[in-house]
Amino acid sequence: MTFAYLCVNILCRSAPQLYSHSAVTSWRLVAFRCKAFGDRTGAFFRTRAYSNNSETKKSSYLTMLSYSSQGKLVRNGQEKKLVICVEGNIASGKTTCLEYFSKTSNIEVLTEPVSKWRNVRGHNPLGLMYQDPARWGITLQTYVQLTMLDRHLSTISAPVRMMERSIYSAKYIFVENLYRSGKMPEVDFAVLSEWFEWITQNITIPVDLIVYLQTSPQTCLERLKVRCREEEKVIPLEYLEVVHQLYEDWLIKKTSFHIPAPVLVISADDDMQKMLHQYEENREKIIACHSSYFVI
Ligand SMILES: Nc1ncnc2c1ncn2[C@@H]1O[C@H](COP(=O)(O)OP(=O)(O)O)[C@@H](O)[C@H]1O
Ligand SMILES: O=c1ccn([C@H]2C[C@H](O)[C@@H](COP(=O)(O)O)O2)c(=O)[nH]1
């Protein structure tokens, strides 16, 4: 059985999604793998990849994905772009920070795909997870991992991309929390870990800087209440404290997991006005290598 045959089965089942960005990306990936594997069926996938998206027609997929010298899949032509991931506890102010920088020309911002997590074909895995983490934690986190990977691999159109969280925090903070608290069965954790390790070992996930918005859990609880997202009404202070500790161990103490890029810590308990001032003060540090591009 060829690699292409296996993939055709998987991708054909997602036929209704074929026109979405992620499906087109999948076709491109398969097309490339088929070529790499010397599989003639690859020509079929190449045709699909071209015919599904007018943007795709402009450039060959071969110029988009290739294997690096380390044998990892990389997106070509994106090397000079700067990718900044904004990390922090729930309701720490990440989206607000991105909104602020989105006013700068030559920075593109990508927020977390929370709307997808709240509605995938009419289902709400985020809500289900908060209601019954032991049953639905794997469902949500599998989908988070897929959608974050899609975010990381999407074409960067500006010199600088700022994105909310990353595939790393999904695993190191949220999956880890579910597992350590006994709410994720061992087998679910093992399967998610295998997926995560395969992805990070085989695909280059570009991250140049992590901006960590460091808040107290109490501040997050207050902001969470103001935001008032229906699914999150069940979140107690203790949950935010555990997430906070996981972030601190990862990015401050550096005692838990691999950190994929340098970390800039911004204290984020202050009110909105002071925070915007802080962002301005840190602008150069955040976008240092591309500062000549920027106009507010
Ligand atoms: N510095 C701040 N002071 C007070 N409220 C804030 C501040 N930053 C953000 N908020 C508010 O807190 C809530 C959560 O902020 P948000 O940016 O959505 O957090 P995140 O994206 O990290 O979950 C929102 O209602 C937002 O308007
Ligand atoms: O891997 C993840 C990432 C996020 N979540 C949850 C946490 C929050 O309820 C929402 C969105 O987070 P924000 O910090 O408000 O952006 O999604 C998760 O459970 N797993």
# chains A, B, ... in the order shown; residues from 1 in each chain; ligands from 1

$ select_by_dssp --residues "segment 99-282 of chain A" --states "strand (DSSP E)" --output "PyMOL selection string"
chain A and resi 107-110+160-164+209-214+263-267

$ residues_near_ligand --ligand "ligand 2" --cutoff "8 Å" --atoms "only C-alpha atoms and all ligand atoms" --output "ChimeraX atom specification"
/A:88-95,112,114,117,126,129-130,137,140-141,144-145,164-165,167,169-171,173-175,224,231-232

$ closest_residue --among "A:Leu264, A:Met162, A:Met148, A:Leu213" --to "ligand 1" --atoms "only C-alpha atoms and all ligand atoms"
A:Leu213

$ closest_residue --among "A:Leu276, A:Cys85, A:Leu128, A:Leu110" --to "Thr147 of chain A" --atoms "only C-alpha atoms"
A:Leu110

$ select_by_dssp --residues "segment 77-141 of chain A" --states "helix (DSSP H, G or I)" --output "count of residues only"
29

$ closest_residue --among "A:Cys97, A:Val234, A:Ile205, A:Ala288" --to "ligand 1" --atoms "only C-alpha atoms and all ligand atoms"
A:Cys97

$ closest_residue --among "A:Ser267, A:Asn282, A:Gln70, A:Gln245" --to "ligand 1" --atoms "only C-alpha atoms and all ligand atoms"
A:Ser267

$ closest_residue --among "A:Arg223, A:Lys183, A:Lys80, A:Arg161" --to "Asp270 of chain A" --atoms "only C-alpha atoms"
A:Arg223

$ atom_distance --atom1 "atom 6 (C, counted along the ligand's line) of ligand 1" --atom2 "atom CA of Asp271 of chain A"
6.5 Å

$ closest_residue --among "A:Glu238, A:Asp150, A:Asp269, A:Glu248" --to "ligand 1" --atoms "only C-alpha atoms and all ligand atoms"
A:Asp269

$ residues_around --residues "Thr204 of chain A" --least-positions-apart "2" --cutoff "7 Å" --atoms "only C-alpha atoms" --output "PyMOL selection string"
chain A and resi 72-74+200+202+206

$ residues_around --residues "Pro159 of chain A" --least-positions-apart "5" --cutoff "8 Å" --atoms "only C-alpha atoms" --output "PyMOL selection string"
chain A and resi 80-82+106-107+290

$ residues_around --residues "Tyr172 of chain A" --least-positions-apart "3" --cutoff "8 Å" --atoms "only C-alpha atoms" --output "ChimeraX atom specification"
/A:168-169,175-176,246,250,257
